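Here is the file input-v1.cif (mmCIF, C-alpha atoms, pLDDT in the B column; chains and numbers go by the auth columns).
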data_run
loop_
_atom_site.group_PDB
_atom_site.id
_atom_site.type_symbol
_atom_site.label_atom_id
_atom_site.label_comp_id
_atom_site.label_asym_id
_atom_site.label_seq_id
_atom_site.Cartn_x
_atom_site.Cartn_y
_atom_site.Cartn_z
_atom_site.B_iso_or_equiv
_atom_site.auth_seq_id
_atom_site.auth_asym_id
ATOM 1 C CA MET A 1 111.883 107.240 99.188 95.00 1105 V
ATOM 2 C CA LYS A 2 110.903 104.884 102.002 96.00 1106 V
ATOM 3 C CA ILE A 3 111.820 101.195 102.156 95.00 1107 V
ATOM 4 C CA THR A 4 110.821 98.397 104.537 94.00 1108 V
ATOM 5 C CA MET A 5 113.479 95.954 105.663 91.00 1109 V
ATOM 6 C CA GLY A 6 113.938 93.708 108.665 88.00 1110 V
ATOM 7 C CA ASN A 7 116.603 92.845 111.173 90.00 1111 V
ATOM 8 C CA ASP A 8 116.878 89.403 109.592 86.00 1112 V
ATOM 9 C CA GLU A 9 118.361 90.983 106.467 88.00 1113 V
ATOM 10 C CA PHE A 10 120.823 93.080 108.443 93.00 1114 V
ATOM 11 C CA ILE A 11 121.846 90.214 110.725 89.00 1115 V
ATOM 12 C CA LEU A 12 122.301 87.889 107.732 88.00 1116 V
ATOM 13 C CA TYR A 13 124.671 90.462 106.228 95.00 1117 V
ATOM 14 C CA ILE A 14 126.664 90.694 109.466 95.00 1118 V
ATOM 15 C CA ARG A 15 126.862 86.901 109.881 91.00 1119 V
ATOM 16 C CA LYS A 16 128.024 86.403 106.264 92.00 1120 V
ATOM 17 C CA GLN A 17 130.562 89.219 106.239 95.00 1121 V
ATOM 18 C CA HIS A 18 131.794 88.775 109.806 96.00 1122 V
ATOM 19 C CA PRO A 19 131.465 85.074 110.718 94.00 1123 V
ATOM 20 C CA ASP A 20 133.422 85.589 113.954 94.00 1124 V
ATOM 21 C CA CYS A 21 130.848 88.049 115.313 94.00 1125 V
ATOM 22 C CA THR A 22 129.321 86.603 118.496 92.00 1126 V
ATOM 23 C CA THR A 23 127.096 89.535 119.454 93.00 1127 V
ATOM 24 C CA PRO A 24 123.617 88.130 120.199 93.00 1128 V
ATOM 25 C CA ASN A 25 120.877 88.868 117.676 89.00 1129 V
ATOM 26 C CA PRO A 26 118.717 90.897 120.099 91.00 1130 V
ATOM 27 C CA THR A 27 121.668 93.197 120.787 94.00 1131 V
ATOM 28 C CA LEU A 28 122.407 93.639 117.083 94.00 1132 V
ATOM 29 C CA GLY A 29 118.745 94.322 116.389 92.00 1133 V
ATOM 30 C CA ARG A 30 118.573 96.995 119.076 94.00 1134 V
ATOM 31 C CA GLN A 31 121.750 98.648 117.845 96.00 1135 V
ATOM 32 C CA VAL A 32 120.409 98.752 114.270 95.00 1136 V
ATOM 33 C CA TRP A 33 117.120 100.314 115.412 96.00 1137 V
ATOM 34 C CA ASP A 34 118.952 102.896 117.527 96.00 1138 V
ATOM 35 C CA TRP A 35 121.129 103.796 114.540 97.00 1139 V
ATOM 36 C CA LEU A 36 118.148 104.029 112.173 97.00 1140 V
ATOM 37 C CA GLN A 37 116.325 106.390 114.525 96.00 1141 V
ATOM 38 C CA GLN A 38 119.333 108.721 114.529 97.00 1142 V
ATOM 39 C CA ALA A 39 119.953 108.495 110.781 97.00 1143 V
ATOM 40 C CA ASP A 40 116.280 108.948 109.862 97.00 1144 V
ATOM 41 C CA PRO A 41 114.076 110.565 112.506 96.00 1145 V
ATOM 42 C CA THR A 42 111.008 109.543 110.465 96.00 1146 V
ATOM 43 C CA ALA A 43 111.924 105.823 110.652 97.00 1147 V
ATOM 44 C CA GLN A 44 109.158 103.611 111.980 96.00 1148 V
ATOM 45 C CA LEU A 45 109.218 100.265 113.720 92.00 1149 V
ATOM 46 C CA ILE A 46 106.556 98.138 111.982 91.00 1150 V
ATOM 47 C CA GLY A 47 106.570 94.961 114.074 88.00 1151 V
ATOM 48 C CA ARG A 48 107.874 91.400 114.198 82.00 1152 V
ATOM 49 C CA THR A 49 107.426 88.767 111.516 78.00 1153 V
ATOM 50 C CA ALA A 50 108.881 85.343 110.870 75.00 1154 V
ATOM 51 C CA SER A 51 112.275 85.415 109.182 73.00 1155 V
ATOM 52 C CA TYR A 52 112.397 84.418 105.541 68.00 1156 V
ATOM 53 C CA TRP A 53 114.213 81.156 106.333 67.00 1157 V
ATOM 54 C CA GLY A 54 111.763 80.108 109.061 65.00 1158 V
ATOM 55 C CA ASP A 55 112.294 79.055 112.639 66.00 1159 V
ATOM 56 C CA THR A 56 114.146 75.761 112.310 68.00 1160 V
ATOM 57 C CA GLY A 57 117.621 74.687 111.333 67.00 1161 V
ATOM 58 C CA ASP A 58 121.073 74.501 112.858 69.00 1162 V
ATOM 59 C CA PHE A 59 121.673 78.094 111.758 69.00 1163 V
ATOM 60 C CA VAL A 60 118.784 79.570 113.806 67.00 1164 V
ATOM 61 C CA THR A 61 120.433 80.516 117.113 66.00 1165 V
ATOM 62 C CA ALA A 62 120.999 83.609 119.228 66.00 1166 V
ATOM 63 C CA THR A 63 124.408 84.163 117.623 70.00 1167 V
ATOM 64 C CA GLN A 64 123.671 83.034 114.075 70.00 1168 V
ATOM 65 C CA LEU A 65 120.378 83.831 112.330 72.00 1169 V
ATOM 66 C CA PRO A 66 117.178 84.970 114.038 70.00 1170 V
ATOM 67 C CA GLU A 67 113.879 83.101 114.102 74.00 1171 V
ATOM 68 C CA THR A 68 111.860 86.321 113.844 73.00 1172 V
ATOM 69 C CA ALA A 69 112.705 89.834 112.779 81.00 1173 V
ATOM 70 C CA THR A 70 111.515 93.323 113.532 87.00 1174 V
ATOM 71 C CA GLN A 71 110.627 95.250 110.394 90.00 1175 V
ATOM 72 C CA PHE A 72 111.450 98.932 109.880 93.00 1176 V
ATOM 73 C CA THR A 73 110.347 101.529 107.351 95.00 1177 V
ATOM 74 C CA PHE A 74 112.982 104.187 106.701 97.00 1178 V
ATOM 75 C CA ASP A 75 114.527 106.411 104.040 97.00 1179 V
ATOM 76 C CA ARG A 76 116.483 104.166 101.713 96.00 1180 V
ATOM 77 C CA ALA A 77 119.051 106.928 101.194 97.00 1181 V
ATOM 78 C CA VAL A 78 120.643 105.873 104.499 98.00 1182 V
ATOM 79 C CA LEU A 79 121.414 102.336 103.259 97.00 1183 V
ATOM 80 C CA PRO A 80 125.077 102.942 102.314 97.00 1184 V
ATOM 81 C CA GLU A 81 125.820 104.405 105.750 97.00 1185 V
ATOM 82 C CA LEU A 82 123.769 101.676 107.425 97.00 1186 V
ATOM 83 C CA TYR A 83 125.856 98.938 105.806 97.00 1187 V
ATOM 84 C CA THR A 84 129.024 100.695 106.931 97.00 1188 V
ATOM 85 C CA TYR A 85 127.575 100.650 110.450 97.00 1189 V
ATOM 86 C CA LEU A 86 126.704 96.949 110.098 97.00 1190 V
ATOM 87 C CA ASP A 87 130.376 96.312 109.375 97.00 1191 V
ATOM 88 C CA THR A 88 131.350 98.092 112.586 96.00 1192 V
ATOM 89 C CA LEU A 89 128.854 95.947 114.488 96.00 1193 V
ATOM 90 C CA GLY A 90 130.259 92.818 112.881 95.00 1194 V
ATOM 91 C CA THR A 91 133.762 93.659 113.985 93.00 1195 V
ATOM 92 C CA GLY A 92 132.667 94.447 117.530 82.00 1196 V
ATOM 93 C CA ARG A 93 133.283 98.185 117.259 74.00 1197 V
ATOM 94 C CA GLY A 94 129.606 99.190 117.187 58.00 1198 V
ATOM 95 C CA SER A 95 129.338 100.195 120.805 53.00 1199 V
ATOM 96 C CA GLU A 96 132.355 102.524 120.789 46.00 1200 V
#
Will you turn the file into structure tokens for me?
Amino acid sequence: MKITMGNDEFILYIRKQHPDCTTPNPTLGRQVWDWLQQADPTAQLIGRTASYWGDTGDFVTATQLPETATQFTFDRAVLPELYTYLDTLGTGRGSE
């Protein structure tokens, strides 16, 4: 079954679970999309929308939470593996 989720949700997870992660949001977003394309060849990039929390606040920065987020549609069966990958990104091991 397909699900639509955005980079804002994935980046929020990384920032909450790995507060020392300093990888910029655009890099994290690209890494997530690259991973999704490999895990689900039918995944689709939908486009950018405003993040749920909006575009203002001390927490909206390049290394905290994003102002906008790219949305993806993909097979929700890959979610457990995706969150494992998010943990590797959060610890800085995602590019190994």
(request) Determine the residue set returned by the PyMOL selection byres ((chain V and resi 1190-1198) around 8) for the present structure, and present it as a PyMOL selection string. (result) chain V and resi 1114+1117-1119+1121-1122+1124-1125+1127+1132+1135-1136+1186-1189+1199-1200
Selection in question (the file shown): the PyMOL selection byres ((chain V and resi 1128) around 9). Which residues does it include, as a PDB file with C-alpha atoms, in the coordinates of the input?
ATOM      1  CA  CYS V1125     130.848  88.049 115.313  1.00 94.00           C
ATOM      2  CA  THR V1126     129.321  86.603 118.496  1.00 92.00           C
ATOM      3  CA  THR V1127     127.096  89.535 119.454  1.00 93.00           C
ATOM      4  CA  ASN V1129     120.877  88.868 117.676  1.00 89.00           C
ATOM      5  CA  PRO V1130     118.717  90.897 120.099  1.00 91.00           C
ATOM      6  CA  THR V1131     121.668  93.197 120.787  1.00 94.00           C
ATOM      7  CA  LEU V1132     122.407  93.639 117.083  1.00 94.00           C
ATOM      8  CA  GLY V1133     118.745  94.322 116.389  1.00 92.00           C
ATOM      9  CA  THR V1165     120.433  80.516 117.113  1.00 66.00           C
ATOM     10  CA  ALA V1166     120.999  83.609 119.228  1.00 66.00           C
ATOM     11  CA  THR V1167     124.408  84.163 117.623  1.00 70.00           C
ATOM     12  CA  GLN V1168     123.671  83.034 114.075  1.00 70.00           C
TER      13      GLN V1168
END
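Within 9 Å of Val1182 in chain V, once only C-alpha atoms are used and residues closer than 5 positions along the same chain are dropped, the contacting residues are Leu1140, Ala1143, Asp1144 and Tyr1187 of chain V.
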Write a file of the just-selected residues containing C-alpha atoms, as a compact mmCIF listing (two decimals), in the coordinates of the input.
# COMPACT_ATOMS: atom_id res chain seq x y z
CA LEU V 1140 118.15 104.03 112.17
CA ALA V 1143 119.95 108.50 110.78
CA ASP V 1144 116.28 108.95 109.86
CA TYR V 1187 125.86 98.94 105.81
(request) Go through the shown structure with the PyMOL selection byres ((chain V and resi 1109) around 6) and write out the matching residues as an MDAnalysis selection string. (result) chainID V and resid 1108 1110 1175:1176
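Of the residues under consideration (V:Ala1154, V:Phe1178, V:Met1105, V:Thr1172), V:Phe1178 shows the shortest atom-to-atom contact distance to Gln1142 in chain V when counting all atoms listed in the file.
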(request) Measure the distance from CA of Pro1145 in chain V to CA of Ala1181 in chain V in Å and round it to one decimal. (result) 12.9 Å
(request) Have a look at CA of Ala1147 in chain V and CA of Pro1123 in chain V and let me know their distance in Å, one decimal. (result) 28.5 Å
(request) For each of V:Arg1152, V:Asn1111, V:Pro1184, V:Pro1170, take the minimum atom-to-atom distance to Trp1137 in chain V, counting all atoms listed in the file, then give the residue where this is smallest. (result) V:Asn1111
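Closest to Lys1120 in chain V among V:Leu1169, V:Ile1107, V:Ser1155, V:Gln1148 is V:Leu1169, based on all atoms listed in the file.
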(request) Quote the spacing between CA of Asp1112 in chain V and CA of Ile1150 in chain V in Å to one decimal place. (result) 13.7 Å
So that I can look at just that part, could you write range 1108-1139 of chain V with N, CA, C and O atoms, as a PDB file, in the first residue's frame?
ATOM      1  N   THR V1108       2.024   8.711   1.503  1.00  0.00           N
ATOM      2  CA  THR V1108       2.700   9.964   1.166  1.00  0.00           C
ATOM      3  C   THR V1108       3.219  10.589   2.446  1.00  0.00           C
ATOM      4  O   THR V1108       2.464  10.781   3.393  1.00  0.00           O
ATOM      5  N   MET V1109       4.510  10.857   2.451  1.00  0.00           N
ATOM      6  CA  MET V1109       5.160  11.502   3.592  1.00  0.00           C
ATOM      7  C   MET V1109       6.191  12.477   3.048  1.00  0.00           C
ATOM      8  O   MET V1109       6.621  12.359   1.904  1.00  0.00           O
ATOM      9  N   GLY V1110       6.597  13.414   3.905  1.00  0.00           N
ATOM     10  CA  GLY V1110       7.551  14.425   3.473  1.00  0.00           C
ATOM     11  C   GLY V1110       8.844  14.410   4.252  1.00  0.00           C
ATOM     12  O   GLY V1110       8.931  13.848   5.346  1.00  0.00           O
ATOM     13  N   ASN V1111       9.835  15.057   3.658  1.00  0.00           N
ATOM     14  CA  ASN V1111      11.138  15.183   4.307  1.00  0.00           C
ATOM     15  C   ASN V1111      11.046  15.825   5.679  1.00  0.00           C
ATOM     16  O   ASN V1111      11.857  15.543   6.555  1.00  0.00           O
ATOM     17  N   ASP V1112      10.055  16.711   5.882  1.00  0.00           N
ATOM     18  CA  ASP V1112       9.936  17.348   7.187  1.00  0.00           C
ATOM     19  C   ASP V1112       9.730  16.312   8.279  1.00  0.00           C
ATOM     20  O   ASP V1112      10.298  16.419   9.361  1.00  0.00           O
ATOM     21  N   GLU V1113       8.950  15.275   7.999  1.00  0.00           N
ATOM     22  CA  GLU V1113       8.713  14.231   8.989  1.00  0.00           C
ATOM     23  C   GLU V1113       9.982  13.435   9.277  1.00  0.00           C
ATOM     24  O   GLU V1113      10.278  13.106  10.429  1.00  0.00           O
ATOM     25  N   PHE V1114      10.732  13.138   8.222  1.00  0.00           N
ATOM     26  CA  PHE V1114      11.953  12.360   8.392  1.00  0.00           C
ATOM     27  C   PHE V1114      13.032  13.181   9.090  1.00  0.00           C
ATOM     28  O   PHE V1114      13.747  12.679   9.957  1.00  0.00           O
ATOM     29  N   ILE V1115      13.144  14.444   8.729  1.00  0.00           N
ATOM     30  CA  ILE V1115      14.149  15.311   9.360  1.00  0.00           C
ATOM     31  C   ILE V1115      13.794  15.570  10.818  1.00  0.00           C
ATOM     32  O   ILE V1115      14.671  15.580  11.686  1.00  0.00           O
ATOM     33  N   LEU V1116      12.518  15.750  11.118  1.00  0.00           N
ATOM     34  CA  LEU V1116      12.092  15.907  12.520  1.00  0.00           C
ATOM     35  C   LEU V1116      12.526  14.690  13.335  1.00  0.00           C
ATOM     36  O   LEU V1116      13.065  14.827  14.432  1.00  0.00           O
ATOM     37  N   TYR V1117      12.310  13.497  12.797  1.00  0.00           N
ATOM     38  CA  TYR V1117      12.724  12.279  13.487  1.00  0.00           C
ATOM     39  C   TYR V1117      14.236  12.301  13.768  1.00  0.00           C
ATOM     40  O   TYR V1117      14.671  12.039  14.890  1.00  0.00           O
ATOM     41  N   ILE V1118      15.015  12.619  12.730  1.00  0.00           N
ATOM     42  CA  ILE V1118      16.470  12.651  12.905  1.00  0.00           C
ATOM     43  C   ILE V1118      16.863  13.677  13.961  1.00  0.00           C
ATOM     44  O   ILE V1118      17.682  13.391  14.846  1.00  0.00           O
ATOM     45  N   ARG V1119      16.299  14.877  13.899  1.00  0.00           N
ATOM     46  CA  ARG V1119      16.673  15.937  14.845  1.00  0.00           C
ATOM     47  C   ARG V1119      16.282  15.574  16.279  1.00  0.00           C
ATOM     48  O   ARG V1119      16.999  15.910  17.227  1.00  0.00           O
ATOM     49  N   LYS V1120      15.158  14.875  16.460  1.00  0.00           N
ATOM     50  CA  LYS V1120      14.741  14.489  17.819  1.00  0.00           C
ATOM     51  C   LYS V1120      15.571  13.340  18.367  1.00  0.00           C
ATOM     52  O   LYS V1120      15.938  13.329  19.536  1.00  0.00           O
ATOM     53  N   GLN V1121      15.867  12.367  17.511  1.00  0.00           N
ATOM     54  CA  GLN V1121      16.596  11.186  17.967  1.00  0.00           C
ATOM     55  C   GLN V1121      18.104  11.385  18.009  1.00  0.00           C
ATOM     56  O   GLN V1121      18.799  10.699  18.757  1.00  0.00           O
ATOM     57  N   HIS V1122      18.587  12.314  17.199  1.00  0.00           N
ATOM     58  CA  HIS V1122      20.034  12.536  17.076  1.00  0.00           C
ATOM     59  C   HIS V1122      20.315  14.042  17.106  1.00  0.00           C
ATOM     60  O   HIS V1122      20.687  14.631  16.096  1.00  0.00           O
ATOM     61  N   PRO V1123      20.133  14.672  18.269  1.00  0.00           N
ATOM     62  CA  PRO V1123      20.259  16.134  18.356  1.00  0.00           C
ATOM     63  C   PRO V1123      21.650  16.670  17.993  1.00  0.00           C
ATOM     64  O   PRO V1123      21.786  17.859  17.709  1.00  0.00           O
ATOM     65  N   ASP V1124      22.655  15.827  17.963  1.00  0.00           N
ATOM     66  CA  ASP V1124      23.996  16.281  17.600  1.00  0.00           C
ATOM     67  C   ASP V1124      24.243  16.247  16.091  1.00  0.00           C
ATOM     68  O   ASP V1124      25.310  16.660  15.630  1.00  0.00           O
ATOM     69  N   CYS V1125      23.281  15.773  15.330  1.00  0.00           N
ATOM     70  CA  CYS V1125      23.435  15.691  13.877  1.00  0.00           C
ATOM     71  C   CYS V1125      23.475  17.103  13.285  1.00  0.00           C
ATOM     72  O   CYS V1125      22.569  17.905  13.501  1.00  0.00           O
ATOM     73  N   THR V1126      24.527  17.410  12.549  1.00  0.00           N
ATOM     74  CA  THR V1126      24.681  18.733  11.944  1.00  0.00           C
ATOM     75  C   THR V1126      24.612  18.695  10.421  1.00  0.00           C
ATOM     76  O   THR V1126      24.897  19.692   9.765  1.00  0.00           O
ATOM     77  N   THR V1127      24.230  17.563   9.863  1.00  0.00           N
ATOM     78  CA  THR V1127      24.084  17.458   8.411  1.00  0.00           C
ATOM     79  C   THR V1127      22.983  18.415   7.970  1.00  0.00           C
ATOM     80  O   THR V1127      21.894  18.409   8.535  1.00  0.00           O
ATOM     81  N   PRO V1128      23.241  19.252   6.969  1.00  0.00           N
ATOM     82  CA  PRO V1128      22.222  20.203   6.507  1.00  0.00           C
ATOM     83  C   PRO V1128      20.976  19.499   5.959  1.00  0.00           C
ATOM     84  O   PRO V1128      21.062  18.414   5.369  1.00  0.00           O
ATOM     85  N   ASN V1129      19.836  20.134   6.144  1.00  0.00           N
ATOM     86  CA  ASN V1129      18.565  19.572   5.698  1.00  0.00           C
ATOM     87  C   ASN V1129      18.552  19.189   4.219  1.00  0.00           C
ATOM     88  O   ASN V1129      18.040  18.109   3.884  1.00  0.00           O
ATOM     89  N   PRO V1130      19.064  20.021   3.313  1.00  0.00           N
ATOM     90  CA  PRO V1130      19.041  19.618   1.900  1.00  0.00           C
ATOM     91  C   PRO V1130      19.809  18.314   1.638  1.00  0.00           C
ATOM     92  O   PRO V1130      19.393  17.503   0.813  1.00  0.00           O
ATOM     93  N   THR V1131      20.895  18.116   2.365  1.00  0.00           N
ATOM     94  CA  THR V1131      21.669  16.883   2.207  1.00  0.00           C
ATOM     95  C   THR V1131      20.876  15.694   2.727  1.00  0.00           C
ATOM     96  O   THR V1131      20.798  14.650   2.073  1.00  0.00           O
ATOM     97  N   LEU V1132      20.275  15.842   3.904  1.00  0.00           N
ATOM     98  CA  LEU V1132      19.447  14.764   4.451  1.00  0.00           C
ATOM     99  C   LEU V1132      18.304  14.428   3.501  1.00  0.00           C
ATOM    100  O   LEU V1132      18.020  13.254   3.241  1.00  0.00           O
ATOM    101  N   GLY V1133      17.651  15.465   2.988  1.00  0.00           N
ATOM    102  CA  GLY V1133      16.526  15.244   2.085  1.00  0.00           C
ATOM    103  C   GLY V1133      16.939  14.477   0.844  1.00  0.00           C
ATOM    104  O   GLY V1133      16.234  13.558   0.397  1.00  0.00           O
ATOM    105  N   ARG V1134      18.076  14.815   0.286  1.00  0.00           N
ATOM    106  CA  ARG V1134      18.567  14.130  -0.912  1.00  0.00           C
ATOM    107  C   ARG V1134      18.908  12.686  -0.608  1.00  0.00           C
ATOM    108  O   ARG V1134      18.622  11.776  -1.392  1.00  0.00           O
ATOM    109  N   GLN V1135      19.522  12.451   0.543  1.00  0.00           N
ATOM    110  CA  GLN V1135      19.884  11.092   0.925  1.00  0.00           C
ATOM    111  C   GLN V1135      18.634  10.230   1.131  1.00  0.00           C
ATOM    112  O   GLN V1135      18.614   9.061   0.747  1.00  0.00           O
ATOM    113  N   VAL V1136      17.598  10.806   1.733  1.00  0.00           N
ATOM    114  CA  VAL V1136      16.346  10.065   1.932  1.00  0.00           C
ATOM    115  C   VAL V1136      15.732   9.711   0.582  1.00  0.00           C
ATOM    116  O   VAL V1136      15.312   8.572   0.358  1.00  0.00           O
ATOM    117  N   TRP V1137      15.666  10.664  -0.340  1.00  0.00           N
ATOM    118  CA  TRP V1137      15.089  10.402  -1.655  1.00  0.00           C
ATOM    119  C   TRP V1137      15.897   9.335  -2.396  1.00  0.00           C
ATOM    120  O   TRP V1137      15.324   8.416  -2.993  1.00  0.00           O
ATOM    121  N   ASP V1138      17.214   9.417  -2.349  1.00  0.00           N
ATOM    122  CA  ASP V1138      18.041   8.407  -2.996  1.00  0.00           C
ATOM    123  C   ASP V1138      17.753   7.019  -2.425  1.00  0.00           C
ATOM    124  O   ASP V1138      17.632   6.032  -3.160  1.00  0.00           O
ATOM    125  N   TRP V1139      17.628   6.943  -1.106  1.00  0.00           N
ATOM    126  CA  TRP V1139      17.341   5.665  -0.455  1.00  0.00           C
ATOM    127  C   TRP V1139      15.964   5.152  -0.863  1.00  0.00           C
ATOM    128  O   TRP V1139      15.813   3.959  -1.185  1.00  0.00           O
TER     129      TRP V1139
END
